[in-house]
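Peer 1: This is the content of structure06.txt (compact mmCIF, C-alpha atoms and all ligand atoms):
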# COMPACT_ATOMS: atom_id res chain seq x y z
CA MET D 1 163.58 -218.43 -46.05
CA THR D 2 163.55 -221.64 -48.10
CA ARG D 3 161.92 -221.07 -51.47
CA LEU D 4 159.15 -223.52 -52.32
CA LYS D 5 157.32 -221.47 -54.96
CA THR D 6 157.26 -223.09 -58.39
CA GLU D 7 156.40 -221.42 -61.65
CA LEU D 8 154.73 -223.61 -64.23
CA PHE D 9 153.19 -222.38 -67.50
CA ASP D 10 153.61 -218.77 -66.28
CA LEU D 11 151.50 -219.55 -63.20
CA ASP D 12 152.78 -219.42 -59.62
CA PHE D 13 152.17 -222.43 -57.41
CA ASP D 14 153.04 -221.29 -53.93
CA PRO D 15 153.47 -223.80 -52.37
CA PRO D 16 153.66 -226.34 -55.23
CA LEU D 17 151.00 -228.50 -53.56
CA ILE D 18 147.81 -228.93 -55.55
CA LEU D 19 144.56 -230.52 -54.40
CA ALA D 20 144.13 -233.69 -56.54
CA SER D 21 140.98 -234.33 -58.53
CA GLY D 22 138.07 -235.96 -56.74
CA ILE D 23 138.76 -234.87 -53.17
CA LEU D 24 136.54 -232.13 -51.70
CA ASP D 25 136.47 -230.31 -55.04
CA GLN D 26 132.85 -230.32 -56.17
CA THR D 27 132.07 -226.78 -54.99
CA ALA D 28 133.78 -223.39 -55.04
CA GLY D 29 133.41 -223.21 -51.24
CA SER D 30 135.18 -226.50 -50.49
CA MET D 31 138.04 -225.71 -52.91
CA GLU D 32 138.44 -222.21 -51.44
CA ASN D 33 138.59 -223.76 -47.99
CA LEU D 34 141.44 -226.07 -49.03
CA ILE D 35 143.29 -223.12 -50.61
CA GLU D 36 142.95 -221.18 -47.34
CA LYS D 37 144.39 -224.22 -45.55
CA GLY D 38 147.56 -224.36 -47.61
CA MET D 39 147.00 -225.64 -51.15
CA GLY D 40 148.84 -223.65 -53.82
CA GLY D 41 146.45 -224.80 -56.55
CA VAL D 42 143.36 -226.95 -57.00
CA VAL D 43 142.15 -229.51 -59.50
CA THR D 44 138.39 -229.77 -59.81
CA LYS D 45 136.47 -233.03 -59.66
CA SER D 46 136.54 -234.61 -63.15
CA ILE D 47 133.60 -233.13 -65.02
CA GLY D 48 131.80 -234.73 -67.97
CA LYS D 49 129.38 -233.39 -70.56
CA GLU D 50 126.21 -234.59 -68.83
CA PRO D 51 125.33 -235.07 -65.13
CA ARG D 52 126.26 -238.52 -63.87
CA GLY D 53 125.20 -240.38 -60.71
CA GLY D 54 128.20 -242.69 -60.31
CA HIS D 55 128.43 -246.33 -59.21
CA PRO D 56 126.20 -248.09 -56.64
CA ASN D 57 127.27 -248.20 -52.97
CA PRO D 58 129.56 -249.06 -51.37
CA THR D 59 131.88 -246.77 -53.30
CA VAL D 60 134.77 -246.51 -50.83
CA VAL D 61 136.60 -249.16 -48.77
CA GLU D 62 139.19 -248.20 -46.19
CA LEU D 63 142.29 -250.41 -46.27
CA GLU D 64 145.34 -250.49 -44.00
CA THR D 65 147.49 -248.42 -46.34
CA GLY D 66 145.00 -246.42 -48.37
CA LEU D 67 141.56 -246.22 -49.90
CA LEU D 68 139.86 -248.21 -52.60
CA ASN D 69 137.22 -246.18 -54.41
CA ALA D 70 134.80 -246.80 -57.22
CA MET D 71 132.90 -243.52 -57.27
CA GLY D 72 132.19 -243.88 -61.00
CA LEU D 73 132.89 -240.20 -61.77
CA PRO D 74 129.70 -238.75 -60.26
CA ASN D 75 129.43 -235.09 -61.29
CA PRO D 76 126.86 -232.41 -62.10
CA GLY D 77 127.87 -232.07 -65.78
CA ILE D 78 129.71 -229.11 -67.29
CA GLU D 79 126.69 -226.78 -67.67
CA ASP D 80 126.04 -226.72 -63.92
CA PHE D 81 129.66 -226.88 -62.84
CA THR D 82 130.82 -223.75 -64.70
CA GLU D 83 129.18 -221.68 -61.93
CA GLU D 84 131.51 -223.23 -59.32
CA VAL D 85 134.57 -222.49 -61.47
CA SER D 86 133.69 -218.85 -62.07
CA GLU D 87 132.81 -218.35 -58.39
CA LEU D 88 136.14 -219.84 -57.31
CA LYS D 89 137.97 -217.70 -59.87
CA ASP D 90 136.37 -214.55 -58.37
CA ARG D 91 137.26 -215.55 -54.83
CA SER D 92 140.77 -217.00 -55.28
CA GLU D 93 142.20 -214.91 -58.09
CA ASN D 94 145.89 -215.68 -57.60
CA VAL D 95 145.67 -219.43 -57.07
CA PRO D 96 145.70 -221.53 -60.24
CA ILE D 97 142.52 -223.50 -60.97
CA ILE D 98 142.97 -226.69 -62.94
CA GLY D 99 139.77 -227.97 -64.54
CA SER D 100 139.72 -231.77 -64.74
CA ILE D 101 137.58 -233.16 -67.52
CA PHE D 102 136.62 -236.57 -68.88
CA ALA D 103 134.76 -237.85 -71.92
CA SER D 104 134.87 -240.85 -74.20
CA ASN D 105 135.78 -239.03 -77.44
CA ALA D 106 137.73 -236.00 -78.68
CA GLU D 107 134.68 -233.94 -79.62
CA ASP D 108 133.26 -234.05 -76.09
CA PHE D 109 136.66 -233.37 -74.51
CA VAL D 110 136.95 -230.23 -76.65
CA TYR D 111 133.41 -229.12 -75.78
CA ILE D 112 133.97 -229.46 -72.01
CA ALA D 113 137.48 -227.92 -72.12
CA GLU D 114 136.17 -224.81 -73.89
CA LYS D 115 133.47 -224.31 -71.24
CA MET D 116 135.97 -224.83 -68.42
CA VAL D 117 138.40 -222.18 -69.67
CA LYS D 118 135.64 -219.75 -70.59
CA ASN D 119 134.57 -219.82 -66.94
CA GLY D 120 137.98 -219.33 -65.40
CA ALA D 121 140.05 -222.55 -65.43
CA ASP D 122 143.73 -221.60 -65.90
CA VAL D 123 144.80 -225.09 -66.92
CA ILE D 124 142.96 -228.15 -68.27
CA GLU D 125 143.71 -231.62 -66.92
CA LEU D 126 142.56 -234.45 -69.15
CA ASN D 127 141.55 -237.48 -67.11
CA LEU D 128 142.67 -240.17 -69.54
CA SER D 129 141.97 -243.02 -67.13
CA CYS D 130 138.24 -243.20 -67.82
CA PRO D 131 136.80 -245.89 -70.10
CA HIS D 132 136.58 -245.01 -73.78
CA ALA D 133 133.52 -245.57 -75.93
CA GLU D 134 134.67 -248.62 -77.86
CA GLY D 135 137.03 -249.83 -75.16
CA TYR D 136 134.87 -252.37 -73.29
CA GLY D 137 136.19 -251.08 -69.97
CA ALA D 138 139.71 -250.22 -71.23
CA SER D 139 140.92 -246.70 -70.42
CA ILE D 140 141.47 -244.02 -73.05
CA ALA D 141 145.18 -244.04 -72.25
CA SER D 142 145.39 -247.68 -73.36
CA ASP D 143 144.49 -246.65 -76.93
CA ASP D 144 147.31 -244.60 -78.46
CA ARG D 145 145.26 -243.47 -81.46
CA VAL D 146 142.34 -242.16 -79.38
CA MET D 147 144.57 -240.60 -76.72
CA GLY D 148 146.69 -238.82 -79.34
CA GLU D 149 143.62 -237.55 -81.18
CA ILE D 150 142.07 -236.15 -77.98
CA LEU D 151 145.23 -234.27 -77.03
CA GLU D 152 145.72 -232.91 -80.54
CA GLU D 153 142.15 -231.65 -80.83
CA VAL D 154 142.03 -230.09 -77.36
CA SER D 155 145.44 -228.42 -77.81
CA ASP D 156 144.44 -227.13 -81.25
CA THR D 157 141.32 -225.54 -79.76
CA ILE D 158 142.26 -223.97 -76.44
CA HIS D 159 145.21 -221.71 -75.61
CA GLU D 160 145.50 -222.64 -71.93
CA PRO D 161 148.07 -225.26 -70.81
CA ILE D 162 146.97 -228.90 -70.96
CA LEU D 163 147.95 -231.64 -68.53
CA ALA D 164 147.61 -235.32 -69.42
CA LYS D 165 146.77 -237.32 -66.29
CA LEU D 166 147.94 -240.87 -66.81
CA PRO D 167 146.97 -244.10 -65.09
CA PRO D 168 149.89 -246.15 -63.75
CA SER D 169 151.13 -248.69 -66.29
CA THR D 170 154.34 -250.50 -67.13
CA GLU D 171 154.79 -248.37 -70.24
CA ILE D 172 153.77 -245.02 -68.70
CA ASP D 173 156.93 -243.38 -70.10
CA GLU D 174 155.82 -244.23 -73.67
CA LYS D 175 152.36 -242.81 -72.94
CA ALA D 176 153.94 -239.63 -71.62
CA VAL D 177 156.01 -239.24 -74.81
CA LEU D 178 152.84 -239.70 -76.87
CA ALA D 179 151.11 -237.05 -74.73
CA GLU D 180 154.03 -234.63 -75.21
CA ASN D 181 154.11 -235.19 -78.97
CA SER D 182 150.34 -234.71 -79.19
CA GLY D 183 150.27 -231.30 -77.50
CA ALA D 184 150.35 -231.83 -73.71
CA ASP D 185 152.19 -229.12 -71.74
CA GLY D 186 152.65 -231.34 -68.69
CA VAL D 187 152.00 -234.85 -67.41
CA VAL D 188 150.37 -235.87 -64.12
CA CYS D 189 151.45 -239.26 -62.72
CA ILE D 190 149.47 -241.13 -61.36
CA ASN D 191 145.77 -241.78 -61.16
CA THR D 192 144.61 -244.59 -58.85
CA VAL D 193 145.82 -248.18 -59.22
CA LYS D 194 143.17 -250.71 -60.24
CA GLY D 195 142.34 -253.02 -57.32
CA MET D 196 139.61 -254.79 -55.39
CA ALA D 197 138.56 -256.02 -51.95
CA ILE D 198 136.64 -259.19 -51.05
CA ASN D 199 134.51 -259.80 -47.98
CA LEU D 200 135.25 -263.21 -46.53
CA GLU D 201 131.89 -263.44 -44.75
CA THR D 202 129.73 -262.73 -47.80
CA GLN D 203 132.36 -264.22 -50.13
CA MET D 204 131.66 -261.32 -52.51
CA PRO D 205 133.49 -258.20 -53.75
CA ILE D 206 132.92 -255.30 -51.35
CA LEU D 207 132.66 -252.43 -53.84
CA GLY D 208 129.34 -252.02 -55.64
CA ASN D 209 131.34 -251.84 -58.86
CA GLU D 210 133.45 -254.88 -57.81
CA VAL D 211 136.75 -253.22 -58.83
CA GLY D 212 138.02 -249.74 -58.05
CA GLY D 213 141.07 -247.49 -57.73
CA TYR D 214 143.60 -247.73 -54.92
CA SER D 215 145.12 -244.52 -53.50
CA GLY D 216 147.04 -243.32 -50.46
CA PRO D 217 150.37 -244.35 -48.85
CA GLY D 218 150.33 -247.86 -50.37
CA VAL D 219 150.63 -246.53 -53.93
CA LYS D 220 153.58 -244.21 -53.29
CA PRO D 221 156.27 -246.59 -54.64
CA ILE D 222 154.25 -247.01 -57.83
CA GLY D 223 153.77 -243.27 -58.29
CA LEU D 224 157.45 -242.58 -57.59
CA ARG D 225 158.55 -245.15 -60.18
CA CYS D 226 156.20 -243.63 -62.75
CA VAL D 227 157.46 -240.06 -62.14
CA TYR D 228 161.07 -241.25 -62.25
CA GLU D 229 160.63 -242.98 -65.61
CA VAL D 230 158.48 -240.26 -67.15
CA TYR D 231 160.92 -237.51 -66.10
CA LYS D 232 163.64 -239.29 -68.07
CA ALA D 233 161.43 -239.64 -71.15
CA VAL D 234 159.91 -236.15 -71.65
CA ASP D 235 160.95 -232.49 -71.65
CA ILE D 236 157.66 -231.12 -70.27
CA PRO D 237 157.02 -230.76 -66.51
CA VAL D 238 155.90 -233.80 -64.53
CA ILE D 239 153.44 -233.37 -61.68
CA GLY D 240 153.67 -236.12 -59.07
CA CYS D 241 150.63 -237.70 -57.41
CA GLY D 242 149.99 -240.88 -55.45
CA GLY D 243 150.30 -241.43 -51.72
CA ILE D 244 151.95 -238.10 -50.87
CA THR D 245 151.11 -237.77 -47.17
CA THR D 246 154.13 -236.07 -45.58
CA GLY D 247 156.78 -233.53 -46.49
CA ARG D 248 159.25 -236.38 -46.87
CA ASP D 249 156.99 -238.08 -49.46
CA ALA D 250 156.72 -234.81 -51.35
CA LEU D 251 160.50 -234.34 -51.47
CA GLU D 252 161.02 -237.92 -52.66
CA TYR D 253 158.69 -237.14 -55.59
CA VAL D 254 160.61 -233.94 -56.35
CA LEU D 255 163.90 -235.88 -56.39
CA ALA D 256 162.28 -238.40 -58.77
CA GLY D 257 161.44 -235.51 -61.13
CA ALA D 258 158.19 -233.86 -60.04
CA SER D 259 158.01 -230.06 -60.44
CA ALA D 260 154.79 -229.90 -58.41
CA LEU D 261 152.72 -232.30 -56.35
CA GLN D 262 149.08 -233.28 -56.10
CA ILE D 263 147.61 -234.26 -52.75
CA GLY D 264 144.49 -236.42 -52.49
CA THR D 265 143.97 -239.18 -49.93
CA ALA D 266 146.33 -237.43 -47.48
CA ILE D 267 143.43 -235.10 -46.64
CA LYS D 268 141.80 -238.09 -44.95
CA TYR D 269 144.91 -238.87 -42.88
CA ARG D 270 146.23 -235.36 -42.17
CA GLY D 271 143.05 -233.25 -42.25
CA LYS D 272 141.97 -230.34 -44.42
CA ASP D 273 145.13 -228.43 -43.48
CA ALA D 274 147.31 -231.20 -44.98
CA GLY D 275 148.73 -228.58 -47.37
CA GLU D 276 150.04 -226.42 -44.51
CA LYS D 277 151.43 -229.42 -42.63
CA ILE D 278 153.20 -230.90 -45.66
CA THR D 279 154.63 -227.48 -46.58
CA GLU D 280 156.03 -227.00 -43.09
CA GLU D 281 157.58 -230.47 -43.11
CA MET D 282 159.16 -229.84 -46.53
CA ARG D 283 160.59 -226.55 -45.29
CA THR D 284 162.09 -228.16 -42.18
CA LEU D 285 163.69 -230.98 -44.15
CA LEU D 286 165.10 -228.60 -46.79
CA ASN D 287 166.50 -226.35 -44.06
CA GLU D 288 168.22 -229.33 -42.45
CA GLU D 289 169.83 -230.17 -45.79
CA GLU D 290 170.69 -226.48 -46.36
CA ILE D 291 168.75 -226.39 -49.62
CA SER D 292 167.41 -222.89 -50.19
CA ASP D 293 165.28 -223.50 -53.30
CA LEU D 294 163.12 -226.57 -53.95
CA ASN D 295 163.36 -226.02 -57.71
CA THR D 296 167.10 -226.79 -57.66
CA ILE D 297 166.60 -230.43 -56.63
CA VAL D 298 163.94 -231.50 -59.17
CA GLY D 299 165.08 -234.82 -60.67
CA ASP D 300 168.26 -235.02 -58.58
CA ALA D 301 167.69 -238.74 -57.93
CA HIS D 302 168.77 -239.27 -61.55
CA GLY D 303 172.33 -238.39 -60.59
C1 LIG D 401 137.52 -240.65 -53.66
C2 LIG D 401 138.41 -240.36 -54.84
C3 LIG D 401 137.88 -239.79 -55.99
C4 LIG D 401 138.71 -239.52 -57.09
N1 LIG D 401 138.17 -238.93 -58.20
C5 LIG D 401 138.98 -238.61 -59.26
C6 LIG D 401 138.47 -237.91 -60.37
O1 LIG D 401 137.31 -237.54 -60.45
N2 LIG D 401 139.34 -237.66 -61.41
C7 LIG D 401 140.67 -238.01 -61.38
O2 LIG D 401 141.41 -237.74 -62.34
N3 LIG D 401 141.18 -238.65 -60.29
C8 LIG D 401 140.37 -238.95 -59.25
N4 LIG D 401 140.90 -239.57 -58.15
C9 LIG D 401 142.34 -239.91 -58.13
C10 LIG D 401 143.17 -238.85 -57.41
O3 LIG D 401 143.08 -237.59 -58.05
C11 LIG D 401 144.66 -239.28 -57.36
O4 LIG D 401 145.16 -239.40 -58.68
C12 LIG D 401 144.86 -240.61 -56.64
O5 LIG D 401 143.97 -240.73 -55.56
C13 LIG D 401 146.29 -240.81 -56.14
O6 LIG D 401 146.67 -239.77 -55.27
P1 LIG D 401 146.52 -239.87 -53.64
O7 LIG D 401 147.16 -241.16 -53.23
O8 LIG D 401 147.19 -238.64 -53.14
O9 LIG D 401 145.04 -239.87 -53.35
C14 LIG D 401 140.10 -239.86 -57.04
C15 LIG D 401 140.63 -240.42 -55.87
C16 LIG D 401 139.82 -240.68 -54.78
C17 LIG D 401 140.43 -241.28 -53.53
Let's see the structure in the file written out as structure tokens.
Ligand SMILES: Cc1cc2nc3c(=O)[nH]c(=O)nc-3n(C[C@H](O)[C@H](O)[C@H](O)COP(=O)(O)O)c2cc1C
Peer 2:
Amino acid sequence: MTRLKTELFDLDFDPPLILASGILDQTAGSMENLIEKGMGGVVTKSIGKEPRGGHPNPTVVELETGLLNAMGLPNPGIEDFTEEVSELKDRSENVPIIGSIFASNAEDFVYIAEKMVKNGADVIELNLSCPHAEGYGASIASDDRVMGEILEEVSDTIHEPILAKLPPSTEIDEKAVLAENSGADGVVCINTVKGMAINLETQMPILGNEVGGYSGPGVKPIGLRCVYEVYKAVDIPVIGCGGITTGRDALEYVLAGASALQIGTAIKYRGKDAGEKITEEMRTLLNEEEISDLNTIVGDAHG
């Protein structure tokens, strides 16, 4: 039997397919359902300190090769969400739970991270793509000083592994090195790609927020490039994300350097059992190539 299981930070991801943040992950029940249908780990919706309503409608536009969303990080706030994490922990003991968190400063990141791990999150994922307090719309990852400070303070406070989730950028490899040097145990590449859609009839932007994040098959070449460059730059594990819809996509990411994979928009195209389908396709392709262990081909595209 082809081995797909991956061990990261002393946790087993079997298979190494993880539900990405923001997709059917607001309740313990929906995350458990996705685990039962083949996900080897889950990332929660990004949770902030206070409840937040998100952006005005429309928040999602369907495009030919993906989705454009401007949800605006709607979430119940950490106090209410801890219940979902502890419930999921009770029900799905052996499957790693990754708590995604966002804030605009280090103090709030630390506060939310502590609550997440206290209630059962095995790993913390820092969503560094959200706007920072003084940034006038710029993301936290665009400010090296703030990003470094957040990682240092969170890693000084909690003992659980920390993932830095980076937005796609030309210099993503430099950001990954900064994350590694500031205490990150792994890097997730990529968050959505900034984009927009315009309605010709109304001659106006379609999204309520005007601009949003692009995801799905269309972003795969961008995600692959980011993983490839980051893998070369850091010694910590890289988790690939962005447009992974089939087993073939997943294996391309592994060859680029991903040790595990996050699956988001594919749920829309392949259904809630996308995890099972992608796993089966990976297994078939690996069998054809006579590769008995997925872990042996991580980064092989680097020669
Ligand atoms: C509707 C929607 C909501 C999302 N919400 C979050 C979020 O709360 N936090 C986060 O870090 N990423 C969020 N993302 C980004 C995904 O986690 C992922 O990085 C991105 O969609 C690329 O992967 P994909 O092409 O497999 O969807 C969201 C994506 C979508 C489509």
Peer 1: Which one is closest to Val60 of chain D: D:Leu207, D:Ala164, D:Leu4, D:Ile101? Count all atoms listed in the file.
Peer 2: D:Leu207
Peer 1: Residues at most 6 Å from ligand LIG 401 (chain D), using only C-alpha atoms and all ligand atoms? Could they come as a compact mmCIF listing (two decimals) with C-alpha atoms, in the frame of the given file?
Peer 2:
# COMPACT_ATOMS: atom_id res chain seq x y z
CA ALA D 20 144.13 -233.69 -56.54
CA SER D 21 140.98 -234.33 -58.53
CA GLY D 22 138.07 -235.96 -56.74
CA ILE D 23 138.76 -234.87 -53.17
CA LYS D 45 136.47 -233.03 -59.66
CA SER D 46 136.54 -234.61 -63.15
CA ASN D 69 137.22 -246.18 -54.41
CA LEU D 73 132.89 -240.20 -61.77
CA ASN D 127 141.55 -237.48 -67.11
CA ILE D 190 149.47 -241.13 -61.36
CA ASN D 191 145.77 -241.78 -61.16
CA THR D 192 144.61 -244.59 -58.85
CA SER D 215 145.12 -244.52 -53.50
CA GLY D 216 147.04 -243.32 -50.46
CA CYS D 241 150.63 -237.70 -57.41
CA GLY D 242 149.99 -240.88 -55.45
CA GLY D 243 150.30 -241.43 -51.72
CA ILE D 244 151.95 -238.10 -50.87
CA ILE D 263 147.61 -234.26 -52.75
CA GLY D 264 144.49 -236.42 -52.49
CA THR D 265 143.97 -239.18 -49.93
CA ALA D 266 146.33 -237.43 -47.48
Peer 1: Please determine, counting all atoms listed in the file, which residue among D:Lys272, D:Pro58, D:Lys89, D:Leu151 has the shortest atom-to-atom distance to Ser30 of chain D.
Peer 2: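 With all atoms listed in the file as the atom set, the closest residue is D:Lys272.
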Peer 1: I'd like the interatomic distance between atom CA of Glu281 of chain D and atom CA of Gly247 of chain D, to a tenth of an Å.
Peer 2: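 If I compute the distance from atom CA of Glu281 of chain D to atom CA of Gly247 of chain D, I get 4.6 Å.
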Peer 1: Calculated over only C-alpha atoms, which of the candidates D:Val146, D:Val85, D:Leu178, D:Ile124 has the smallest distance to Pro161 of chain D?
Peer 2: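 Ranked by minimum distance to Pro161 of chain D, first place goes to D:Ile124.
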Peer 1: I'd like the interatomic distance between atom CA of Thr246 of chain D and atom CA of Thr59 of chain D, to a tenth of an Å.
Peer 2: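 Taking atom CA of Thr246 of chain D and atom CA of Thr59 of chain D, their separation equals 25.9 Å.
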Peer 1: Would you mind telling me which residue in D:Leu24, D:Met31, D:Ala184, D:Leu11 lies nearest to Leu126 of chain D when using only C-alpha atoms?
Peer 2: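 Answer, going by the shortest atom-to-atom distance: D:Ala184.
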Peer 1: Write out as a PDB file with C-alpha atoms, keeping the file's coordinate frame each polymer residue whose atoms come within 10 Å of Thr170 of chain D, counting only C-alpha atoms; drop sequence neighbours fewer than 2 positions from it.
Peer 2:
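Result written to selection-v2.pdb:
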ATOM      1  CA  PRO D 167     146.970-244.100 -65.090  1.00  0.00           C
ATOM      2  CA  PRO D 168     149.890-246.150 -63.750  1.00  0.00           C
ATOM      3  CA  ILE D 172     153.770-245.020 -68.700  1.00  0.00           C
ATOM      4  CA  ASP D 173     156.930-243.380 -70.100  1.00  0.00           C
ATOM      5  CA  GLU D 174     155.820-244.230 -73.670  1.00  0.00           C
ATOM      6  CA  LYS D 175     152.360-242.810 -72.940  1.00  0.00           C
ATOM      7  CA  ILE D 222     154.250-247.010 -57.830  1.00  0.00           C
ATOM      8  CA  ARG D 225     158.550-245.150 -60.180  1.00  0.00           C
ATOM      9  CA  CYS D 226     156.200-243.630 -62.750  1.00  0.00           C
ATOM     10  CA  GLU D 229     160.630-242.980 -65.610  1.00  0.00           C
TER      11      GLU D 229
END
Peer 1: From the options D:Leu200, D:Leu294, D:Ile78, D:Ile97, which residue's atoms come nearest to Thr6 of chain D, counting all atoms listed in the file?
Peer 2: D:Leu294
Peer 1: Could you check which of D:Gly212, D:Gly275, D:Pro237, D:Pro221 is closest to Ile35 of chain D, using only C-alpha atoms?
Peer 2: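 Comparing D:Gly212, D:Gly275, D:Pro237, D:Pro221 against Ile35 of chain D, the winner is D:Gly275.
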Peer 1: Counting all atoms listed in the file, which residues come within 10 Å of (151.5, -230.4, -49.2), with the point read in the file's coordinates, and could you list them as number ranges by chain?
Peer 2: D: 15-19, 38-40, 244-247, 249-250, 260-264, 266-267, 273-282
Peer 1: Take the residues just selected and output them with C-alpha atoms as a tab-separated table (two decimals), in the frame of the given file.
Peer 2:
chain	number	residue	atom	x	y	z
D	15	PRO	CA	153.47	-223.80	-52.37
D	16	PRO	CA	153.66	-226.34	-55.23
D	17	LEU	CA	151.00	-228.50	-53.56
D	18	ILE	CA	147.81	-228.93	-55.55
D	19	LEU	CA	144.56	-230.52	-54.40
D	38	GLY	CA	147.56	-224.36	-47.61
D	39	MET	CA	147.00	-225.64	-51.15
D	40	GLY	CA	148.84	-223.65	-53.82
D	244	ILE	CA	151.95	-238.10	-50.87
D	245	THR	CA	151.11	-237.77	-47.17
D	246	THR	CA	154.13	-236.07	-45.58
D	247	GLY	CA	156.78	-233.53	-46.49
D	249	ASP	CA	156.99	-238.08	-49.46
D	250	ALA	CA	156.72	-234.81	-51.35
D	260	ALA	CA	154.79	-229.90	-58.41
D	261	LEU	CA	152.72	-232.30	-56.35
D	262	GLN	CA	149.08	-233.28	-56.10
D	263	ILE	CA	147.61	-234.26	-52.75
D	264	GLY	CA	144.49	-236.42	-52.49
D	266	ALA	CA	146.33	-237.43	-47.48
D	267	ILE	CA	143.43	-235.10	-46.64
D	273	ASP	CA	145.13	-228.43	-43.48
D	274	ALA	CA	147.31	-231.20	-44.98
D	275	GLY	CA	148.73	-228.58	-47.37
D	276	GLU	CA	150.04	-226.42	-44.51
D	277	LYS	CA	151.43	-229.42	-42.63
D	278	ILE	CA	153.20	-230.90	-45.66
D	279	THR	CA	154.63	-227.48	-46.58
D	280	GLU	CA	156.03	-227.00	-43.09
D	281	GLU	CA	157.58	-230.47	-43.11
D	282	MET	CA	159.16	-229.84	-46.53
Peer 1: Kindly give the distance, in Å, that separates atom CA of Ala106 of chain D and atom CA of Glu50 of chain D, rounded to a single decimal.
Peer 2: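 Those two atoms sit 15.2 Å apart.
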Peer 1: Distance cut-off 7 Å, centre (148.9, -238.9, -68.7) in file coordinates, counting all atoms listed in the file: which residues qualify? Return them as a PyMOL selection string.
Peer 2: chain D and resi 128+164-167+175-176+179+187-189
Peer 1: Quick one: everything within 6 Å of Gly218 of chain D, counting all atoms listed in the file, minus sequence neighbours fewer than 2 positions away in the same chain. Send it as a list in words.
Peer 2: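 Final neighbour list, sorted by chain and number: Thr65, Gly66, Gly216 and Lys220 of chain D.
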Peer 1: Take the residues that were just selected and, keeping C-alpha atoms, output them as a tab-separated table (two decimals), in the coordinates of the input.
Peer 2:
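Final file, selection.tsv:
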chain	number	residue	atom	x	y	z
D	65	THR	CA	147.49	-248.42	-46.34
D	66	GLY	CA	145.00	-246.42	-48.37
D	216	GLY	CA	147.04	-243.32	-50.46
D	220	LYS	CA	153.58	-244.21	-53.29
Peer 1: Determine, counting all atoms listed in the file, which protein, DNA and RNA residues have an atom within 7 Å of an atom of Ser86 of chain D; residues of the same chain fewer than 3 positions away are not included. Present the result as JSON, numbers by chain.
Peer 2: {"D": [82, 83, 89, 90, 119, 120]}
Peer 1: Output C-alpha atoms for every residue in the selection just made, as a PDB file, in the frame of the given file.
Peer 2:
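Written output follows (out.pdb):
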ATOM      1  CA  THR D  82     130.820-223.750 -64.700  1.00  0.00           C
ATOM      2  CA  GLU D  83     129.180-221.680 -61.930  1.00  0.00           C
ATOM      3  CA  LYS D  89     137.970-217.700 -59.870  1.00  0.00           C
ATOM      4  CA  ASP D  90     136.370-214.550 -58.370  1.00  0.00           C
ATOM      5  CA  ASN D 119     134.570-219.820 -66.940  1.00  0.00           C
ATOM      6  CA  GLY D 120     137.980-219.330 -65.400  1.00  0.00           C
TER       7      GLY D 120
END
